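A.B. asks: Take this structure first; my questions come after.
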Amino acid sequence: MRFSENENMLKLFYFHPACSLVSHIALEESGLNFEAIRVELNNPKDRQHLLKYNPAGKVPTLLVDGHPLTENIAILTYIADNSLNCELLSKTPLLRAKTLSYLAWSANTVHPAFRQVMRPNYFSSEETAYEGLREKGRSNFWSYLQTIESQLTHSDWTMGGAFSVADGYTYLFHKWGKLIGLPVEKLPAYARFAETIVSRATVTR
């Protein structure tokens, strides 16, 4: 883990391919000066360092002037409100609220379905329940991808006519769908979105 002594710089603790990718993309888009610090969560030294700032030991964790900010929704809102390059979160009250609603749905509904596939032990201590949990998680996650497909059918971007902080989550879920073997190729609007977003220099970085 690389860590500079400059406490005034934004510092993002991330792990690939975790949901910290969403905040990482937003930082790249924002034009803000930041340091990305990859944390190998299974590495005791890395984890111990992260625990100094986030007792839950989770990513993303963003240090703002040395103060930790956790949870994607809060981090994305902070990044958007301080963005130098573009409007990543609408200042129009209704669209802003709708974007925050999508972020909450992403974090509280879609993400847990994926976790159920990958980490069924988070939901039950009974190993005999794991396969059923995985299958239910896959079914729910696929249903959520189809909901996103419907939304993208009417627009190039998740929240309408421009890239926003919501699009990082949309991209991440497409990647996760492929990771667990879901037939994401059957979602044409979503495939078009994924091709568009990976062409952005910020996402490439």
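Convention: chains lettered A, B, ... in structure tokens order; per-chain residue numbering from 1; ligands numbered from 1 as shown.
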Per residue of segment 9-31 of chain A within 8 Å of segment 83-90 of chain A, what are the shortest atom pair and its distance in Å to one decimal, counting only C-alpha atoms, with rows by chain and residue number, as a Markdown table?

C.D. replies:
| residue | atom | partner | partner_atom | distance |
| --- | --- | --- | --- | --- |
| A:Ala26 | CA | A:Leu88 | CA | 7.8 |
| A:Glu29 | CA | A:Asn85 | CA | 7.1 |
| A:Ser30 | CA | A:Ser83 | CA | 4.5 |
| A:Gly31 | CA | A:Leu84 | CA | 5.3 |

A.B. asks: I'd like the neighbourhood of His49 of chain A as an mmCIF file with N, CA, C and O atoms, in the first residue's frame, where a residue qualifies if any of its atoms comes within 12 Å (using only C-alpha atoms), though same-chain residues fewer than 3 positions away should be ignored.

C.D. replies:
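Result file selection35.cif:
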data_model
loop_
_atom_site.group_PDB
_atom_site.id
_atom_site.type_symbol
_atom_site.label_atom_id
_atom_site.label_comp_id
_atom_site.auth_asym_id
_atom_site.auth_seq_id
_atom_site.Cartn_x
_atom_site.Cartn_y
_atom_site.Cartn_z
ATOM 1 N N MET A 1 0.842 -1.184 0.000
ATOM 2 C CA MET A 1 0.000 0.000 0.000
ATOM 3 C C MET A 1 0.883 1.241 0.000
ATOM 4 O O MET A 1 1.797 1.356 0.806
ATOM 5 N N ARG A 2 0.601 2.176 -0.889
ATOM 6 C CA ARG A 2 1.331 3.443 -0.964
ATOM 7 C C ARG A 2 0.493 4.497 -0.266
ATOM 8 O O ARG A 2 -0.711 4.586 -0.443
ATOM 9 N N PHE A 3 1.155 5.338 0.559
ATOM 10 C CA PHE A 3 0.392 6.340 1.304
ATOM 11 C C PHE A 3 1.284 7.549 1.504
ATOM 12 O O PHE A 3 2.347 7.461 2.112
ATOM 13 N N PHE A 13 -9.301 4.804 -0.349
ATOM 14 C CA PHE A 13 -8.952 3.401 -0.155
ATOM 15 C C PHE A 13 -9.920 2.578 -1.004
ATOM 16 O O PHE A 13 -11.139 2.703 -0.863
ATOM 17 N N ILE A 37 -5.465 4.498 -3.157
ATOM 18 C CA ILE A 37 -4.662 3.559 -2.367
ATOM 19 C C ILE A 37 -5.334 2.197 -2.412
ATOM 20 O O ILE A 37 -6.390 1.991 -1.800
ATOM 21 N N ARG A 38 -4.742 1.287 -3.158
ATOM 22 C CA ARG A 38 -5.317 -0.050 -3.273
ATOM 23 C C ARG A 38 -5.074 -0.839 -1.991
ATOM 24 O O ARG A 38 -3.944 -0.919 -1.497
ATOM 25 N N VAL A 39 -6.136 -1.413 -1.465
ATOM 26 C CA VAL A 39 -6.075 -2.205 -0.243
ATOM 27 C C VAL A 39 -6.363 -3.656 -0.593
ATOM 28 O O VAL A 39 -7.400 -3.971 -1.169
ATOM 29 N N GLU A 40 -5.426 -4.530 -0.281
ATOM 30 C CA GLU A 40 -5.684 -5.960 -0.406
ATOM 31 C C GLU A 40 -6.333 -6.395 0.909
ATOM 32 O O GLU A 40 -5.677 -6.494 1.944
ATOM 33 N N LEU A 41 -7.628 -6.616 0.865
ATOM 34 C CA LEU A 41 -8.378 -6.819 2.099
ATOM 35 C C LEU A 41 -7.958 -8.072 2.857
ATOM 36 O O LEU A 41 -8.222 -8.197 4.056
ATOM 37 N N ASN A 43 -4.831 -8.906 3.113
ATOM 38 C CA ASN A 43 -3.475 -8.644 3.596
ATOM 39 C C ASN A 43 -3.571 -7.994 4.983
ATOM 40 O O ASN A 43 -4.102 -6.893 5.103
ATOM 41 N N PRO A 44 -3.102 -8.653 6.044
ATOM 42 C CA PRO A 44 -3.256 -8.112 7.402
ATOM 43 C C PRO A 44 -2.692 -6.703 7.567
ATOM 44 O O PRO A 44 -3.295 -5.875 8.252
ATOM 45 N N LYS A 45 -1.563 -6.411 6.922
ATOM 46 C CA LYS A 45 -0.951 -5.081 7.055
ATOM 47 C C LYS A 45 -1.839 -4.022 6.421
ATOM 48 O O LYS A 45 -2.078 -2.952 7.009
ATOM 49 N N ASP A 46 -2.334 -4.297 5.209
ATOM 50 C CA ASP A 46 -3.223 -3.354 4.541
ATOM 51 C C ASP A 46 -4.499 -3.148 5.352
ATOM 52 O O ASP A 46 -4.982 -2.020 5.522
ATOM 53 N N LYS A 52 -7.527 1.881 10.848
ATOM 54 C CA LYS A 52 -7.225 3.130 11.548
ATOM 55 C C LYS A 52 -8.227 4.216 11.174
ATOM 56 O O LYS A 52 -8.507 5.117 11.959
ATOM 57 N N TYR A 53 -8.762 4.125 9.955
ATOM 58 C CA TYR A 53 -9.655 5.168 9.455
ATOM 59 C C TYR A 53 -11.107 4.718 9.368
ATOM 60 O O TYR A 53 -12.017 5.533 9.457
ATOM 61 N N ASN A 54 -11.310 3.432 9.182
ATOM 62 C CA ASN A 54 -12.667 2.893 9.092
ATOM 63 C C ASN A 54 -12.732 1.621 9.932
ATOM 64 O O ASN A 54 -12.250 0.567 9.497
ATOM 65 N N PRO A 55 -13.321 1.695 11.123
ATOM 66 C CA PRO A 55 -13.365 0.523 12.014
ATOM 67 C C PRO A 55 -14.058 -0.677 11.397
ATOM 68 O O PRO A 55 -13.837 -1.811 11.844
ATOM 69 N N ALA A 56 -14.897 -0.449 10.374
ATOM 70 C CA ALA A 56 -15.566 -1.570 9.709
ATOM 71 C C ALA A 56 -14.628 -2.272 8.731
ATOM 72 O O ALA A 56 -14.934 -3.374 8.263
ATOM 73 N N GLY A 57 -13.499 -1.643 8.426
ATOM 74 C CA GLY A 57 -12.529 -2.257 7.523
ATOM 75 C C GLY A 57 -13.040 -2.417 6.109
ATOM 76 O O GLY A 57 -12.685 -3.383 5.428
ATOM 77 N N LYS A 58 -13.895 -1.490 5.649
ATOM 78 C CA LYS A 58 -14.515 -1.612 4.339
ATOM 79 C C LYS A 58 -14.046 -0.530 3.381
ATOM 80 O O LYS A 58 -13.606 0.553 3.788
ATOM 81 N N THR A 61 -13.325 3.974 1.425
ATOM 82 C CA THR A 61 -13.143 4.948 2.495
ATOM 83 C C THR A 61 -12.394 6.118 1.886
ATOM 84 O O THR A 61 -11.346 5.915 1.266
#

A.B. asks: So that I can check the surroundings of Leu63 of chain A, please list as JSON, numbers by chain every protein, DNA and RNA residue that reaches within 7 Å of it, counting only C-alpha atoms and ignoring chain neighbours fewer than 3 positions away.

C.D. replies: {"A": [10, 11, 12, 66, 67, 68, 69]}

A.B. asks: Which residues are close to Lys186 of chain A, i.e. within 12 Å by only C-alpha atoms, leaving aside same-chain residues fewer than 3 positions away? Reply as a ChimeraX atom specification.

C.D. replies: /A:142,145-146,149,174,177-178,182-183,189-192

A.B. asks: What are the DSSP strand (DSSP E or B) residues of segment 41-107 of chain A, as a list in words?

C.D. replies: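 In segment 41-107 of chain A, DSSP puts these residues in strand (DSSP E or B): Thr61, Leu62, Leu63, Val64, His67, Pro68, Leu69 and Thr70 of chain A.
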
A.B. asks: I need the residues from that last selection saved to file as a CSV table (one decimal), in the first residue's frame (with N, CA, C and O atoms), if you can.

C.D. replies:
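So the final result, stored in out36.csv, reads:
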chain,number,residue,atom,x,y,z
A,61,THR,N,-13.3,4.0,1.4
A,61,THR,CA,-13.1,4.9,2.5
A,61,THR,C,-12.4,6.1,1.9
A,61,THR,O,-11.3,5.9,1.3
A,62,LEU,N,-12.9,7.3,2.0
A,62,LEU,CA,-12.3,8.5,1.5
A,62,LEU,C,-11.8,9.4,2.6
A,62,LEU,O,-12.6,9.7,3.5
A,63,LEU,N,-10.6,9.7,2.6
A,63,LEU,CA,-10.0,10.7,3.6
A,63,LEU,C,-10.1,12.1,3.1
A,63,LEU,O,-9.6,12.3,2.0
A,64,VAL,N,-10.8,12.9,3.8
A,64,VAL,CA,-11.0,14.3,3.4
A,64,VAL,C,-10.2,15.2,4.5
A,64,VAL,O,-10.7,15.3,5.6
A,67,HIS,N,-9.8,13.3,7.5
A,67,HIS,CA,-11.1,12.8,8.2
A,67,HIS,C,-11.7,11.7,7.3
A,67,HIS,O,-12.0,12.0,6.1
A,68,PRO,N,-12.1,10.6,7.8
A,68,PRO,CA,-12.7,9.5,7.0
A,68,PRO,C,-14.1,9.8,6.7
A,68,PRO,O,-14.9,10.2,7.5
A,69,LEU,N,-14.5,9.5,5.4
A,69,LEU,CA,-15.8,9.5,4.9
A,69,LEU,C,-16.1,8.1,4.4
A,69,LEU,O,-15.3,7.6,3.5
A,70,THR,N,-17.2,7.5,4.8
A,70,THR,CA,-17.5,6.1,4.3
A,70,THR,C,-18.9,6.1,3.7
A,70,THR,O,-19.6,7.0,3.7

A.B. asks: Write out as a PyMOL selection string each polymer residue whose atoms come within 10 Å of segment 114-124 of chain A, counting only C-alpha atoms; drop sequence neighbours fewer than 6 positions from it.

C.D. replies: chain A and resi 130-142+173+176-177+180

A.B. asks: Would you put the residues from that selection into a file with C-alpha atoms, as a short mmCIF file (atom, residue, chain, number, x, y, z; two decimals), in the first residue's frame?

C.D. replies:
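Writing done, so here's result27.cif:
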data_model
loop_
_atom_site.label_atom_id
_atom_site.label_comp_id
_atom_site.auth_asym_id
_atom_site.auth_seq_id
_atom_site.Cartn_x
_atom_site.Cartn_y
_atom_site.Cartn_z
CA TYR A 130 -25.65 -21.42 0.98
CA GLU A 131 -26.72 -22.85 -2.37
CA GLY A 132 -30.28 -21.61 -1.96
CA LEU A 133 -29.01 -18.17 -0.98
CA ARG A 134 -26.75 -18.05 -4.03
CA GLU A 135 -29.55 -19.02 -6.39
CA LYS A 136 -31.94 -16.47 -4.90
CA GLY A 137 -29.25 -13.81 -5.09
CA ARG A 138 -28.58 -14.62 -8.76
CA SER A 139 -32.29 -14.49 -9.55
CA ASN A 140 -32.75 -11.15 -7.80
CA PHE A 141 -29.61 -9.64 -9.31
CA TRP A 142 -30.72 -10.64 -12.81
CA PHE A 173 -23.37 -4.06 -11.93
CA TRP A 176 -20.61 -8.13 -11.75
CA GLY A 177 -23.32 -9.71 -13.88
CA ILE A 180 -21.31 -14.46 -11.99
#

A.B. asks: Tell me which of A:Ser20, A:Phe34, A:Ile25, A:Leu95 sits closest to Gly160 of chain A, counting only C-alpha atoms.

C.D. replies: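 Closest to Gly160 of chain A, using only C-alpha atoms: A:Leu95.
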
A.B. asks: What is the atom CA of Phe193 of chain A-atom CA of Ser106 of chain A distance in Å, reported with one decimal?

C.D. replies: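 Atom CA of Ser106 of chain A lies 17.0 Å from atom CA of Phe193 of chain A.
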
A.B. asks: Could you jot down the atom CA of Tyr169 of chain A to atom CA of Ile73 of chain A separation for me, Å, one decimal place?

C.D. replies: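 We find that atom CA of Tyr169 of chain A and atom CA of Ile73 of chain A lie 10.5 Å from each other.
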